[in-house]
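Chemist: Below you will find the structure I want to go over with you.
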Amino acid sequence: MKSRPSFEKIKTVSEFESHYWYREELQEICLNLKISSKGAKAELEERLRSYITLGREKFLKKESSSKTPISVRRKTKSEKEITLKSKIIPEGIRFDSKFREFCREYYDLKKFSFTKAMAEAVRDAEKVGNLKLSVQDLLKIYENPPKEERPDDRVLRWNRFVKDFHSDPKTSPLKNKLNIAAFLWGKVRDRVGSKKFDPSLLEEFAKDIRILEAKGNK
């Protein structure tokens with residue numbers, strides 16, 4: 001098993017992307033490099049990809065010359081009629097009953113629910129000052145949701161890993177489940193490959209699991 005190297009030893013973007021990084025770890029890396037550590041996890045990852053690709057000197061030059069878009073907020077709720085061309089931020093469109101009714105009628109549904117991906121798109125638009133985001137853009141996101149969840153939250157992956165761990169029949173006999181799950185998560189988190197629980201991990205780390213079980217029974 002290949003352990004995750006320190007960021008300083010990583011030479012390519014593909015190597016960087018092959019490992020899982022917590023947001024706090026990415027922030028610490030940025031601080032050590034003396035570059036901006038602000039932003040969501042996805043933004044930090046993109047910043048470090050650029051750092052690896054350009055090299056420190058070119059990266060710093062690019063950062064100093066680029067202008068960061070000013071974040072914006074939607075205006076006060078608009079009374080205008082909502083259409084597909086309506087702009088979310090300039091026209092103050094919100095995820096309220098008025099917009100929900102528009103979507104419900106558009107899709108001819110009995111009930112319409114906004115999605116997490118739609119909300120994320122609006123937050124991203126506000127963050128970068130994208131005034132062009134339209135109702136039609138949001139409906140495209142509704143119709144074609146991202147295949148994978150955004151990698152912003154370490155808790156999300158951990159919770160999914162633990163849930164799958166507990167759901168597997170092979171873990172039923174284990175007494176010290178939480179510690180074993182945490183141990184296995186640490187192993188998959190820091191190596192190349194899937195970050196999901198797989199029953200084969202129980203065989204791969206059988207010796208370590210026996211030790212953890214013995215400690216838990218003391």
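Ligands are numbered from 1 in the order shown, chains are lettered A, B, ... in the order of the structure tokens, and residues start at 1 in each chain.
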Using only C-alpha atoms, which residues sit within 12 Å of stretch 200-205 of chain A once same-chain residues fewer than 6 positions away are excluded, as a ChimeraX atom specification?
Modeler: /A:1,161,165,168-174,177,180-181,183-188,194,211-212
Chemist: Per DSSP on the backbone, filter stretch 52-195 of chain A down to the residues in helix (DSSP H, G or I) and report them as a PyMOL selection string.
Modeler: chain A and resi 52-54+56-65+97-107+116-128+135-143+154-167+169-171+177-189
Chemist: Using Å and a single decimal, report how far atom CA of A:Ile82 sits from atom CA of A:Phe102.
Modeler: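 That distance, rounded to one decimal, is 7.2 Å.
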Chemist: When distances are computed from only C-alpha atoms, which of A:Pro90, A:Leu178, A:Asp190, A:Gln27 shows the smallest separation from A:Leu131?
Modeler: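 When distances to A:Leu131 are compared using only C-alpha atoms, the smallest one comes from A:Pro90.
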Chemist: Which one is closest to A:Gln136: A:Asn32, A:Thr83, A:Ser64, A:Ser6? Count only C-alpha atoms.
Modeler: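 Under the stated criterion, the closest residue is A:Thr83.
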Chemist: Between A:Phe114, A:Val192, A:Phe7, A:Lys175, which one has atoms that come closest to A:Arg210, using only C-alpha atoms?
Modeler: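 Of all the options, A:Lys175 lies closest to A:Arg210.
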Chemist: Could you please determine the separation between atom CA of A:Ser18 and atom CA of A:Gly193 in Å, to one decimal place?
Modeler: 6.8 Å
